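J.: Sharing my_file_16.cif here; it has mmCIF, C-alpha atoms and all ligand atoms.
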data_query
loop_
_atom_site.label_atom_id
_atom_site.label_comp_id
_atom_site.auth_asym_id
_atom_site.auth_seq_id
_atom_site.Cartn_x
_atom_site.Cartn_y
_atom_site.Cartn_z
CA MET A 1 0.00 0.00 0.00
CA THR A 2 1.48 3.35 -0.96
CA ALA A 3 0.76 6.72 0.52
CA SER A 4 0.05 8.37 -2.80
CA CYS A 5 -0.09 12.01 -1.90
CA ASP A 6 1.29 15.22 -3.17
CA ARG A 7 2.43 16.36 0.27
CA PRO A 8 5.03 14.18 1.98
CA GLY A 9 3.49 12.10 4.74
CA LEU A 10 -0.10 13.23 4.19
CA MET A 11 -2.42 10.87 2.36
CA ALA A 12 -5.46 12.13 0.46
CA ILE A 13 -8.70 10.96 2.07
CA GLU A 14 -9.86 9.45 -1.23
CA ASP A 15 -6.74 7.27 -1.30
CA ALA A 16 -7.18 6.22 2.31
CA LYS A 17 -10.79 5.25 1.64
CA ALA A 18 -9.94 3.40 -1.55
CA ASN A 19 -7.14 1.48 0.22
CA ILE A 20 -9.48 0.47 3.01
CA LEU A 21 -12.35 -0.52 0.73
CA ALA A 22 -9.95 -2.68 -1.28
CA LEU A 23 -8.98 -4.58 1.88
CA VAL A 24 -12.28 -5.15 3.68
CA GLN A 25 -14.57 -8.05 2.88
CA ARG A 26 -18.29 -8.42 3.19
CA VAL A 27 -19.50 -10.95 5.76
CA SER A 28 -20.46 -14.17 4.01
CA GLU A 29 -23.05 -15.62 6.42
CA THR A 30 -26.70 -14.88 5.80
CA GLU A 31 -29.88 -15.51 7.75
CA THR A 32 -33.57 -15.55 6.93
CA ILE A 33 -35.59 -13.41 9.30
CA PRO A 34 -39.15 -12.09 9.63
CA LEU A 35 -39.71 -8.97 7.53
CA GLU A 36 -40.88 -7.00 10.59
CA GLN A 37 -37.44 -7.47 12.15
CA SER A 38 -35.49 -6.47 9.06
CA LEU A 39 -35.19 -2.70 9.51
CA ASP A 40 -31.62 -1.59 8.64
CA ARG A 41 -30.55 -5.09 7.63
CA MET A 42 -28.85 -5.64 4.24
CA LEU A 43 -30.55 -7.81 1.62
CA ALA A 44 -28.40 -10.81 0.75
CA GLN A 45 -30.57 -11.78 -2.24
CA ASP A 46 -32.40 -9.94 -4.95
CA VAL A 47 -36.11 -9.87 -4.17
CA CYS A 48 -38.54 -10.12 -7.09
CA SER A 49 -42.29 -9.89 -6.88
CA ASN A 50 -44.30 -13.12 -7.18
CA ILE A 51 -47.46 -11.18 -7.90
CA ASN A 52 -48.85 -8.12 -9.61
CA VAL A 53 -49.68 -5.23 -7.28
CA PRO A 54 -52.50 -4.43 -7.38
CA GLY A 55 -53.49 -7.99 -8.24
CA PHE A 56 -56.73 -6.97 -9.98
CA ASN A 57 -58.24 -3.89 -11.63
CA ASN A 58 -59.91 -1.79 -8.95
CA SER A 59 -61.44 1.58 -8.35
CA ALA A 60 -59.39 4.61 -7.25
CA MET A 61 -62.54 6.43 -6.10
CA ASP A 62 -65.90 6.01 -4.44
CA GLY A 63 -68.30 6.24 -7.40
CA TYR A 64 -69.82 4.18 -10.20
CA ALA A 65 -68.23 1.58 -12.46
CA PHE A 66 -69.52 1.03 -16.00
CA ARG A 67 -68.61 0.31 -19.63
CA HIS A 68 -67.34 3.50 -21.22
CA GLN A 69 -68.81 2.52 -24.57
CA ASP A 70 -72.36 2.64 -23.10
CA LEU A 71 -72.16 6.41 -22.61
CA VAL A 72 -71.88 6.86 -26.38
CA GLU A 73 -75.46 5.65 -26.80
CA LEU A 74 -77.05 6.18 -23.37
CA GLU A 75 -77.50 9.11 -21.01
CA THR A 76 -78.65 7.02 -18.10
CA LEU A 77 -77.27 3.76 -16.68
CA THR A 78 -79.10 1.31 -14.47
CA LEU A 79 -77.70 0.63 -11.02
CA VAL A 80 -77.54 -3.16 -10.51
CA GLY A 81 -75.41 -3.65 -7.39
CA LYS A 82 -72.46 -2.69 -5.24
CA SER A 83 -68.76 -3.58 -5.16
CA PHE A 84 -66.93 -3.05 -1.85
CA ALA A 85 -63.23 -3.49 -1.11
CA GLY A 86 -62.91 -7.17 -0.26
CA ARG A 87 -66.55 -7.91 -1.26
CA SER A 88 -66.89 -7.47 -4.98
CA TYR A 89 -69.84 -7.54 -7.39
CA GLU A 90 -69.44 -11.02 -8.86
CA LYS A 91 -71.65 -10.91 -11.97
CA PRO A 92 -70.46 -9.62 -15.33
CA LEU A 93 -71.72 -6.14 -16.12
CA LEU A 94 -74.26 -6.09 -18.94
CA PRO A 95 -74.74 -3.26 -21.43
CA GLY A 96 -76.40 -0.23 -19.85
CA GLU A 97 -75.61 -1.33 -16.28
CA CYS A 98 -73.45 0.26 -13.60
CA VAL A 99 -72.51 -0.64 -10.04
CA ARG A 100 -71.83 1.51 -7.04
CA ILE A 101 -68.12 0.97 -6.31
CA MET A 102 -65.89 1.89 -3.34
CA THR A 103 -62.19 2.73 -3.40
CA GLY A 104 -60.12 -0.45 -3.69
CA ALA A 105 -63.10 -2.60 -4.77
CA ALA A 106 -62.60 -4.90 -7.76
CA MET A 107 -63.94 -3.68 -11.10
CA PRO A 108 -66.79 -5.94 -12.23
CA ASP A 109 -66.08 -7.98 -15.40
CA GLY A 110 -66.86 -5.81 -18.39
CA ALA A 111 -66.52 -2.46 -16.57
CA ASP A 112 -63.61 -0.26 -17.67
CA THR A 113 -64.29 3.20 -16.23
CA VAL A 114 -65.20 4.81 -12.90
CA MET A 115 -66.89 8.14 -12.30
CA MET A 116 -66.54 9.62 -8.85
CA GLN A 117 -69.79 9.98 -6.98
CA GLU A 118 -69.54 13.79 -6.82
CA ASN A 119 -70.12 13.84 -10.61
CA ALA A 120 -73.14 11.53 -10.55
CA ILE A 121 -76.83 12.43 -10.63
CA VAL A 122 -78.80 9.74 -8.80
CA ASP A 123 -82.49 9.23 -9.44
CA GLY A 124 -83.44 5.96 -7.77
CA ASP A 125 -81.66 3.28 -9.82
CA ASN A 126 -81.09 5.64 -12.73
CA ILE A 127 -77.59 7.08 -12.76
CA SER A 128 -76.36 9.82 -15.08
CA PHE A 129 -73.19 11.91 -15.00
CA ILE A 130 -72.59 15.63 -15.28
CA LYS A 131 -69.77 14.95 -17.77
CA VAL A 132 -68.34 12.00 -19.70
CA PRO A 133 -64.97 10.81 -18.32
CA ASP A 134 -62.15 9.35 -20.40
CA ILE A 135 -62.08 5.60 -20.78
CA GLY A 136 -60.19 4.02 -17.88
CA ASN A 137 -60.87 7.01 -15.62
CA ASP A 138 -60.10 6.31 -11.94
CA VAL A 139 -59.32 2.65 -12.54
CA ARG A 140 -56.14 1.24 -10.95
CA LEU A 141 -54.87 -1.43 -13.30
CA ALA A 142 -53.48 -4.77 -12.16
CA GLY A 143 -49.67 -4.53 -11.90
CA GLU A 144 -49.50 -0.74 -12.22
CA SER A 145 -47.62 -0.44 -8.92
CA ILE A 146 -45.44 -3.55 -9.23
CA LYS A 147 -45.26 -5.99 -12.13
CA LYS A 148 -44.98 -9.71 -11.39
CA ASP A 149 -41.29 -10.84 -11.56
CA SER A 150 -39.95 -7.29 -11.34
CA LEU A 151 -37.00 -6.50 -9.02
CA VAL A 152 -38.20 -4.78 -5.83
CA GLY A 153 -35.05 -5.02 -3.71
CA ALA A 154 -31.48 -5.52 -4.91
CA THR A 155 -28.81 -7.42 -2.98
CA GLY A 156 -26.98 -4.94 -0.75
CA LYS A 157 -30.01 -2.73 -0.12
CA ARG A 158 -30.24 -1.48 3.46
CA LEU A 159 -33.91 -2.06 4.23
CA ASN A 160 -35.73 1.07 5.33
CA ALA A 161 -39.32 1.52 6.47
CA ALA A 162 -40.52 2.11 2.90
CA ASP A 163 -38.81 -1.11 1.73
CA ILE A 164 -40.56 -3.01 4.49
CA GLY A 165 -43.85 -1.45 3.34
CA LEU A 166 -43.16 -2.38 -0.27
CA LEU A 167 -42.20 -5.97 0.53
CA SER A 168 -45.28 -6.30 2.76
CA THR A 169 -47.54 -5.40 -0.16
CA LEU A 170 -46.08 -8.43 -1.96
CA GLY A 171 -47.01 -10.71 0.92
CA CYS A 172 -43.32 -11.23 1.67
CA ALA A 173 -43.07 -12.56 5.26
CA GLN A 174 -39.32 -13.23 5.44
CA VAL A 175 -36.16 -11.82 3.94
CA THR A 176 -32.64 -13.20 3.60
CA VAL A 177 -30.10 -10.73 4.92
CA TYR A 178 -26.42 -10.70 5.82
CA ARG A 179 -25.66 -11.42 9.44
CA ARG A 180 -24.99 -8.34 11.53
CA LEU A 181 -21.41 -7.15 11.70
CA LYS A 182 -19.76 -7.51 15.12
CA VAL A 183 -17.67 -4.57 16.20
CA ALA A 184 -15.58 -4.47 19.37
CA ILE A 185 -14.67 -1.10 20.85
CA PHE A 186 -12.59 0.37 23.64
CA SER A 187 -11.21 3.75 24.62
CA THR A 188 -7.62 4.11 25.75
CA GLY A 189 -6.32 6.68 28.21
CA ASP A 190 -5.27 6.90 31.87
CA GLU A 191 -7.17 10.18 32.01
CA LEU A 192 -10.58 8.70 31.20
CA MET A 193 -13.52 8.38 33.58
CA ARG A 194 -16.85 6.72 32.81
CA ALA A 195 -20.02 8.78 32.86
CA GLY A 196 -21.37 8.43 36.41
CA ASP A 197 -17.88 8.23 37.99
CA THR A 198 -17.17 10.85 40.66
CA TYR A 199 -15.37 13.74 39.02
CA GLN A 200 -11.60 13.73 39.61
CA THR A 201 -9.35 16.66 38.86
CA HIS A 202 -7.17 16.35 35.75
CA LYS A 203 -9.29 13.56 34.40
CA ILE A 204 -11.92 13.70 31.67
CA TYR A 205 -15.08 11.79 30.91
CA ASP A 206 -14.88 9.33 28.02
CA GLY A 207 -16.77 10.99 25.18
CA ASN A 208 -15.67 8.77 22.32
CA ARG A 209 -16.90 5.30 23.18
CA PRO A 210 -20.52 6.35 23.82
CA SER A 211 -20.72 8.39 20.61
CA ILE A 212 -19.06 5.72 18.47
CA ILE A 213 -21.27 3.02 20.02
CA ALA A 214 -24.29 5.16 19.09
CA LEU A 215 -23.03 5.44 15.51
CA LEU A 216 -22.41 1.68 15.36
CA THR A 217 -25.92 1.11 16.66
CA LYS A 218 -27.27 3.30 13.86
CA LEU A 219 -25.33 1.22 11.36
CA ASN A 220 -27.02 -1.79 13.00
CA CYS A 221 -23.75 -3.39 14.06
CA GLU A 222 -23.57 -5.70 17.07
CA VAL A 223 -21.36 -3.90 19.58
CA VAL A 224 -18.97 -5.65 21.98
CA ASP A 225 -17.94 -3.01 24.51
CA PHE A 226 -14.56 -3.48 26.21
CA GLY A 227 -14.85 -0.19 28.12
CA ILE A 228 -11.93 2.02 29.06
CA VAL A 229 -8.41 0.59 28.95
CA PRO A 230 -5.49 2.33 30.73
CA ASP A 231 -2.33 3.38 28.90
CA ASP A 232 -0.49 0.16 29.72
CA LYS A 233 0.98 -1.73 26.82
CA ASP A 234 0.39 -5.25 28.18
CA THR A 235 -3.19 -4.48 29.16
CA ILE A 236 -3.98 -2.92 25.79
CA ARG A 237 -2.39 -5.88 23.97
CA ASN A 238 -4.41 -8.32 26.04
CA ILE A 239 -7.72 -6.50 25.42
CA MET A 240 -6.85 -6.04 21.76
CA GLN A 241 -6.43 -9.82 21.40
CA GLN A 242 -9.73 -10.51 23.16
CA ALA A 243 -11.46 -7.90 21.02
CA ASP A 244 -10.00 -9.45 17.87
CA GLN A 245 -11.34 -12.87 18.83
CA SER A 246 -14.84 -11.53 19.48
CA ALA A 247 -15.52 -9.34 16.44
CA ASP A 248 -15.16 -8.65 12.72
CA CYS A 249 -13.80 -5.21 13.39
CA VAL A 250 -12.02 -3.61 16.36
CA ILE A 251 -12.23 0.13 16.95
CA THR A 252 -10.21 2.03 19.54
CA SER A 253 -9.82 5.69 20.33
CA GLY A 254 -6.73 7.48 21.54
CA GLY A 255 -3.10 6.45 21.66
CA VAL A 256 -2.40 6.77 17.94
CA SER A 257 -0.28 9.92 18.11
CA VAL A 258 3.42 10.10 18.81
CA GLY A 259 3.20 10.67 22.58
CA GLU A 260 5.02 8.48 25.10
CA ALA A 261 1.76 6.80 26.12
CA ASP A 262 0.67 6.04 22.55
CA PHE A 263 1.01 2.26 22.21
CA ILE A 264 -1.60 1.33 19.63
CA LYS A 265 0.75 1.34 16.65
CA ASP A 266 3.40 -0.80 18.38
CA ILE A 267 0.85 -3.37 19.50
CA LEU A 268 -0.71 -3.57 16.07
CA ALA A 269 2.69 -4.10 14.51
CA GLU A 270 3.33 -6.93 16.99
CA ILE A 271 0.08 -8.86 16.67
CA GLY A 272 -1.22 -7.83 13.26
CA LYS A 273 -0.41 -5.71 10.31
CA ILE A 274 -0.55 -1.99 10.66
CA ASP A 275 -0.96 0.88 8.28
CA PHE A 276 -0.59 4.14 10.06
CA TRP A 277 -1.63 7.10 8.08
CA LYS A 278 -1.52 10.81 8.44
CA ILE A 279 -4.54 11.71 6.38
CA ALA A 280 -4.95 15.13 4.81
CA ILE A 281 -8.16 15.93 6.66
CA LYS A 282 -9.03 18.27 9.48
CA PRO A 283 -9.93 17.30 12.08
CA GLY A 284 -8.55 13.80 12.35
CA LYS A 285 -5.07 13.67 10.88
CA PRO A 286 -3.70 10.50 12.52
CA LEU A 287 -5.58 7.29 11.82
CA ALA A 288 -4.34 3.78 12.37
CA PHE A 289 -5.78 1.15 10.10
CA GLY A 290 -4.76 -2.43 9.97
CA ARG A 291 -5.58 -6.08 10.16
CA LEU A 292 -5.57 -8.25 13.25
CA PRO A 293 -5.53 -12.05 12.95
CA ASN A 294 -9.35 -12.21 12.88
CA SER A 295 -10.53 -8.68 12.24
CA ILE A 296 -10.09 -5.29 10.67
CA PHE A 297 -8.77 -2.53 12.91
CA PHE A 298 -9.45 1.19 13.14
CA GLY A 299 -7.48 3.26 15.64
CA LEU A 300 -9.36 6.54 15.83
CA PRO A 301 -7.66 9.65 17.20
CA GLY A 302 -8.38 10.59 20.82
CA ASN A 303 -9.78 14.05 20.31
CA PRO A 304 -13.56 13.62 20.32
CA VAL A 305 -14.30 15.64 17.18
CA SER A 306 -11.47 13.88 15.31
CA ALA A 307 -12.72 10.47 16.40
CA PHE A 308 -16.27 11.25 15.30
CA VAL A 309 -15.28 12.79 11.97
CA THR A 310 -12.84 10.02 11.01
CA PHE A 311 -15.47 7.45 11.93
CA ASN A 312 -18.06 9.25 9.77
CA GLN A 313 -15.83 9.99 6.82
CA ILE A 314 -13.59 6.92 6.72
CA ALA A 315 -14.79 4.03 8.87
CA THR A 316 -18.51 4.22 8.05
CA ASP A 317 -18.21 3.18 4.40
CA ALA A 318 -15.88 0.32 5.36
CA LEU A 319 -18.34 -0.95 7.98
CA LYS A 320 -21.25 -0.62 5.55
CA THR A 321 -19.30 -2.59 2.95
CA MET A 322 -18.42 -5.30 5.48
CA SER A 323 -22.10 -5.42 6.49
CA GLY A 324 -23.08 -6.12 2.88
CA GLU A 325 -24.49 -2.69 2.08
CA THR A 326 -24.10 -1.24 -1.41
CA LEU A 327 -22.63 2.23 -0.89
CA SER A 328 -24.48 5.30 -2.06
CA LEU A 329 -23.10 8.77 -2.65
CA PRO A 330 -23.27 11.29 0.20
CA HIS A 331 -25.97 13.97 0.05
CA THR A 332 -23.75 16.83 -1.10
CA PHE A 333 -25.00 20.22 -2.24
CA ASP A 334 -23.61 23.66 -3.05
CA ALA A 335 -24.47 26.31 -0.48
CA VAL A 336 -23.58 29.94 0.08
CA ALA A 337 -21.42 30.61 3.16
CA THR A 338 -23.09 33.31 5.25
CA GLU A 339 -19.88 34.17 7.08
CA MET A 340 -16.12 33.93 6.81
CA LEU A 341 -14.79 30.39 7.43
CA ARG A 342 -11.22 29.98 8.67
CA LYS A 343 -9.23 27.44 6.67
CA GLN A 344 -5.60 26.78 5.79
CA PRO A 345 -4.65 25.04 2.54
CA GLY A 346 -3.24 21.51 2.82
CA ARG A 347 -6.03 19.35 4.22
CA VAL A 348 -9.73 18.82 3.50
CA ASP A 349 -11.75 20.43 6.29
CA TYR A 350 -14.92 18.88 7.62
CA GLN A 351 -16.37 21.82 9.51
CA ARG A 352 -19.69 21.54 11.27
CA GLY A 353 -22.39 23.80 9.87
CA ARG A 354 -26.04 24.63 9.85
CA CYS A 355 -27.69 24.61 6.45
CA PHE A 356 -30.86 26.59 5.78
CA VAL A 357 -32.82 28.11 2.93
CA ASN A 358 -32.91 31.92 3.00
CA GLU A 359 -35.81 34.16 1.97
CA GLN A 360 -34.58 34.19 -1.64
CA GLY A 361 -34.74 30.38 -1.69
CA GLN A 362 -30.95 29.99 -1.68
CA LEU A 363 -29.32 27.14 0.20
CA CYS A 364 -27.03 28.80 2.77
CA VAL A 365 -24.73 27.52 5.46
CA ALA A 366 -23.45 29.06 8.68
CA SER A 367 -20.68 27.79 10.92
CA THR A 368 -21.58 26.39 14.34
CA GLY A 369 -18.67 28.31 15.90
CA PRO A 370 -15.14 27.32 16.98
CA GLN A 371 -14.04 24.18 15.15
CA GLY A 372 -11.13 22.89 17.29
CA SER A 373 -10.77 19.10 17.42
CA GLY A 374 -11.58 19.09 21.14
CA ILE A 375 -14.70 21.25 20.77
CA PHE A 376 -17.45 18.68 20.50
CA SER A 377 -20.11 21.34 21.03
CA SER A 378 -19.46 22.30 17.38
CA PHE A 379 -21.75 19.35 16.57
CA ALA A 380 -24.62 20.80 18.60
CA ASN A 381 -27.18 22.40 16.27
CA SER A 382 -25.23 21.29 13.21
CA ASN A 383 -27.00 19.50 10.37
CA CYS A 384 -24.17 19.19 7.86
CA TYR A 385 -20.46 19.06 7.24
CA ILE A 386 -19.03 22.00 5.35
CA VAL A 387 -16.50 20.20 3.15
CA LEU A 388 -13.70 22.58 2.18
CA GLU A 389 -11.36 21.32 -0.52
CA ARG A 390 -7.76 20.52 0.28
CA GLU A 391 -6.05 23.44 -1.41
CA ARG A 392 -8.67 25.98 -0.49
CA GLY A 393 -7.82 28.77 1.92
CA ARG A 394 -10.06 31.02 3.98
CA VAL A 395 -13.62 31.28 2.69
CA GLN A 396 -15.25 34.71 2.51
CA ALA A 397 -18.94 35.31 3.19
CA GLY A 398 -20.87 34.86 -0.06
CA GLU A 399 -18.59 32.17 -1.52
CA THR A 400 -20.06 28.84 -2.57
CA VAL A 401 -19.05 25.81 -0.53
CA LYS A 402 -19.91 22.10 -0.59
CA VAL A 403 -22.11 20.84 2.22
CA GLN A 404 -22.71 17.21 3.10
CA LEU A 405 -26.08 16.88 4.81
CA TYR A 406 -26.13 14.40 7.67
CA ASP A 407 -27.98 11.23 6.88
CA HIS A 408 -29.34 8.87 9.51
CA THR A 409 -25.99 7.09 9.85
CA LEU A 410 -23.86 10.22 10.39
CA THR A 411 -25.04 11.69 13.71
P1 LIG B 501 -4.43 10.73 22.44
O1 LIG B 501 -4.66 10.45 21.00
O2 LIG B 501 -4.62 9.54 23.31
O3 LIG B 501 -3.14 11.43 22.68
O4 LIG B 501 -5.58 11.77 22.86
C1 LIG B 501 -5.67 13.05 22.26
C2 LIG B 501 -6.56 13.95 23.10
O5 LIG B 501 -7.87 13.39 23.14
C3 LIG B 501 -6.14 14.08 24.54
O6 LIG B 501 -6.44 15.40 24.95
C4 LIG B 501 -7.01 13.08 25.26
O7 LIG B 501 -7.21 13.40 26.61
C5 LIG B 501 -8.29 13.20 24.47
N1 LIG B 501 -9.04 11.96 24.54
C6 LIG B 501 -8.55 10.72 24.32
N2 LIG B 501 -9.51 9.80 24.45
C7 LIG B 501 -10.65 10.47 24.75
C8 LIG B 501 -11.99 10.07 25.00
N3 LIG B 501 -12.33 8.77 24.96
N4 LIG B 501 -12.90 11.00 25.29
C9 LIG B 501 -12.56 12.31 25.32
N5 LIG B 501 -11.31 12.76 25.08
C10 LIG B 501 -10.36 11.85 24.79
MG MG B 502 -4.11 8.90 25.12
#
Would you write the structure of this file as C-alpha cells?
T.:
Amino acid sequence: MTASCDRPGLMAIEDAKANILALVQRVSETETIPLEQSLDRMLAQDVCSNINVPGFNNSAMDGYAFRHQDLVELETLTLVGKSFAGRSYEKPLLPGECVRIMTGAAMPDGADTVMMQENAIVDGDNISFIKVPDIGNDVRLAGESIKKDSLVGATGKRLNAADIGLLSTLGCAQVTVYRRLKVAIFSTGDELMRAGDTYQTHKIYDGNRPSIIALLTKLNCEVVDFGIVPDDKDTIRNIMQQADQSADCVITSGGVSVGEADFIKDILAEIGKIDFWKIAIKPGKPLAFGRLPNSIFFGLPGNPVSAFVTFNQIATDALKTMSGETLSLPHTFDAVATEMLRKQPGRVDYQRGRCFVNEQGQLCVASTGPQGSGIFSSFANSNCYIVLERERGRVQAGETVKVQLYDHTLT
C-alpha cells in the first residue's frame, strides 16, 4: 500500500478510503428473518415480486363503475349492485348497467371506467353523470404499482421503512439478509472516567466510546464493549487480542499519536499488520488502520471531534461494505457561506455547519462556531459538514461551498 499524496506524509482521504475498501470483505453468512425485524438489515438476495400489485383492476374512487362505450349511446345507466373493497360484485356487467363501487373494490367484469360519486346524478336506480370521463378514468390497473417478476429489492439494499412497506404489499413474510457485523470497541487513556464516575481533577469523561457506540448502533452493528483501557501496553495488547477474537472489526480511540503513552501502533505491529496514516483531513489527521488475525482494525484519534469525523468519513463506508451494504453517494449540495470560514490550505476540512434556505430560496450555510478538534459542542445544532477542498484557503462570506447533509448514519 502506498501513501500516494502530493504532500510528503499526508495521504489524500480518497486514497485512504480506496485502500481500506480494497482490503475489507463483506461478511459471508446470511440468515432468513421475519420482515418485521429487518429494519436496517442488508438484503443478501435480490427480491422479485411473485405477484402483480395491485393484483386486480380496482377503483381509485368512491363512485360508479360502467362500460365507457355505453355512454356513447345512453344518457342514463341502471344501477344493478355494489362492489366493496374485499366484497366485490361477482356478476359480469351487462350493457347499460353500472354498479356503485368503493375505493379499492374490484372492477366488475366488463366495466372499464369509474366516475366519482360527486359527478353523478342519482335518481333511484337511474344514474347519469354531469360529464363523460375518459375511458379508464379512476381505474387502478393490475400490476400498475409492481409488475410480477420485477425486481423490488437488490442485494446490498439497506432495508428502510418504505422497503418493508413495499415488501409487505407483496405478501413477503421473510427476507434473507447478511448477518450483523460484530464490532468491538474500547477507549484508551489513563485520564478517562466513565459517565457516572465521581469527578476527579485532571481527568476527563470518556466521550468517544458512547458516541461511536451510538453510531455503530445506527449502522445496525452488534457492539462488543470493552470499556476504558489504561495506557499500559500489556493491558492494551491483552484487550486487543480478546477484542480481535470476538468481532469482525475492532475500533479504539486514543493512543495513535506520537506521545510516550501512545502504544496502539506498536501493539498492532506486533500482533497484526498496521498501516498508520496521516490523512490530509481536518480534524482527524492520525488514523491507524490495519488487520488483526481475525478482524479489521481502526485506531481513531483521541480528540472527540477527530474520532467522530474520522469514523463518519472513513470508517462508516468500510463498515457498511463489510455489512453487505451497497454504498451510495453522500448527500452533497452547493451552499452559500453566510460568514467567513477559517481554513488553511493543505487538508480537507470537515467543519460543522447549519444549512438553511434563505428568503430568496438559496441554500445557505453558517458555521456552528469554533471548530477545534476538542470542541465537540461544534456538533450541537449542526446538520451538515461543510467540506472545504484541500487546497482551499479562507472562505469569505458569499462564496459557494460544498455541504454534506447528515444522513441517519452520520449523527
Ligand atoms: P491521544 O490520541 O490519546 O493522545 O488523545 C488526544 C486527546 O484526546 C487528549 O487530549 C485526550 O485526553 C483526548 N481523549 C482521548 N480519548 C478520549 C476520549 N475517549 N474521550 C474524550 N477525550 C479523549
Ligand atoms: Mg491517550
J.: Taking only residues of chain A that have an atom at most 8 Å from an atom of ligand MG 502 (chain B), what is each one's shortest atom pair and its distance in Å to one decimal, using all atoms listed in the file, in chain and number order, as a tab-separated table?
T.:
residue	atom	partner	partner_atom	distance
A:Thr188	CA	B:MG502	MG	6.0
A:Gly189	CA	B:MG502	MG	4.4
A:Asp190	CA	B:MG502	MG	7.1
A:Glu191	CA	B:MG502	MG	7.6
A:Asp231	CA	B:MG502	MG	6.9
A:Gly254	CA	B:MG502	MG	4.7
A:Gly255	CA	B:MG502	MG	4.4
A:Val256	CA	B:MG502	MG	7.7
A:Gly259	CA	B:MG502	MG	7.9
A:Ala261	CA	B:MG502	MG	6.3
A:Asp262	CA	B:MG502	MG	6.1
A:Gly302	CA	B:MG502	MG	6.3
J.: Set the distance at 10 Å and use only C-alpha atoms: which residues neighbour segment 334-344 of chain A once local chain neighbours fewer than 6 positions away are removed? I'd like the list as number ranges by chain.
T.: A: 282, 351, 353, 355-358, 362-367, 369-371, 386, 388-404
J.: Could you list, as a list in words, every residue within 9 Å of segment 114-128 of chain A, counting all atoms listed in the file and ignoring same-chain residues fewer than 4 positions away?
T.: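 Once the adjacent positions are removed, what remains is Ser59, Ala60, Met61, Asp62, Gly63, Tyr64, Ala65, Phe66, Arg67, His68, Glu75, Thr76, Leu77, Thr78, Leu79, Val80, Cys98, Arg100, Ile101, Met107, Val132, Pro133, Ile135, Gly136, Asn137, Asp138 and Val139 of chain A.
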J.: Hey, which residues come within 10 Å of ligand LIG 501 (chain B) if we count only C-alpha atoms and all ligand atoms? Could you give them as a ChimeraX atom specification?
T.: /A:186-194,202-212,227-229,231,252-264,286-287,299-307,373-374,376
J.: Extract, using only C-alpha atoms, all DNA, RNA and protein residues at most 10 Å from segment 11-28 of chain A, discarding same-chain residues fewer than 4 positions from it, and format them as a ChimeraX atom specification.
T.: /A:1-7,44,178-182,248-249,277-281,285,287,289-291,295-296,310,313-315,317-325,346-348,390
J.: Excluding same-chain residues fewer than 3 positions from Pro92 of chain A, what lies within 7 Å of it counting only C-alpha atoms, as a PyMOL selection string?
T.: chain A and resi 108-110
J.: Please measure the separation of atom CA of Arg158 of chain A and atom CA of Met42 of chain A, giving the value in Å to one decimal.
T.: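 Separating atom CA of Arg158 of chain A from atom CA of Met42 of chain A is a distance of 4.5 Å.
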J.: Quick one: everything within 8 Å of Tyr89 of chain A, counting only C-alpha atoms, minus sequence neighbours fewer than 2 positions away in the same chain. Send it as a PyMOL selection string.
T.: chain A and resi 81-84+87+91+99+106-108
J.: Between atom CA of Phe308 of chain A and atom CA of Ala380 of chain A, what is the spacing in Å?
T.: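 Computed distance, atom CA of Ala380 of chain A to atom CA of Phe308 of chain A, equals 13.1 Å.
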J.: To one decimal place in Å, what is the distance between atom CA of Gln174 of chain A and atom CA of Thr103 of chain A?
T.: 29.3 Å
J.: Draw an axis-aligned box tight on the listed atoms of segment 258-276 of chain A, then pad every side by 4 Å and write out centre and edge lengths in Å to one decimal as lines of an AutoDock Vina configuration file.
T.:
center_x = 1.7
center_y = 0.9
center_z = 17.2
size_x = 14.6
size_y = 27.5
size_z = 25.8
J.: Neighbourhood query: residues within 12 Å of (0.2, -5.7, 15.6), file coordinates, counting all atoms listed in the file; return as number ranges by chain.
T.: A: 233, 236-238, 240-241, 244, 263-276, 288-297, 299
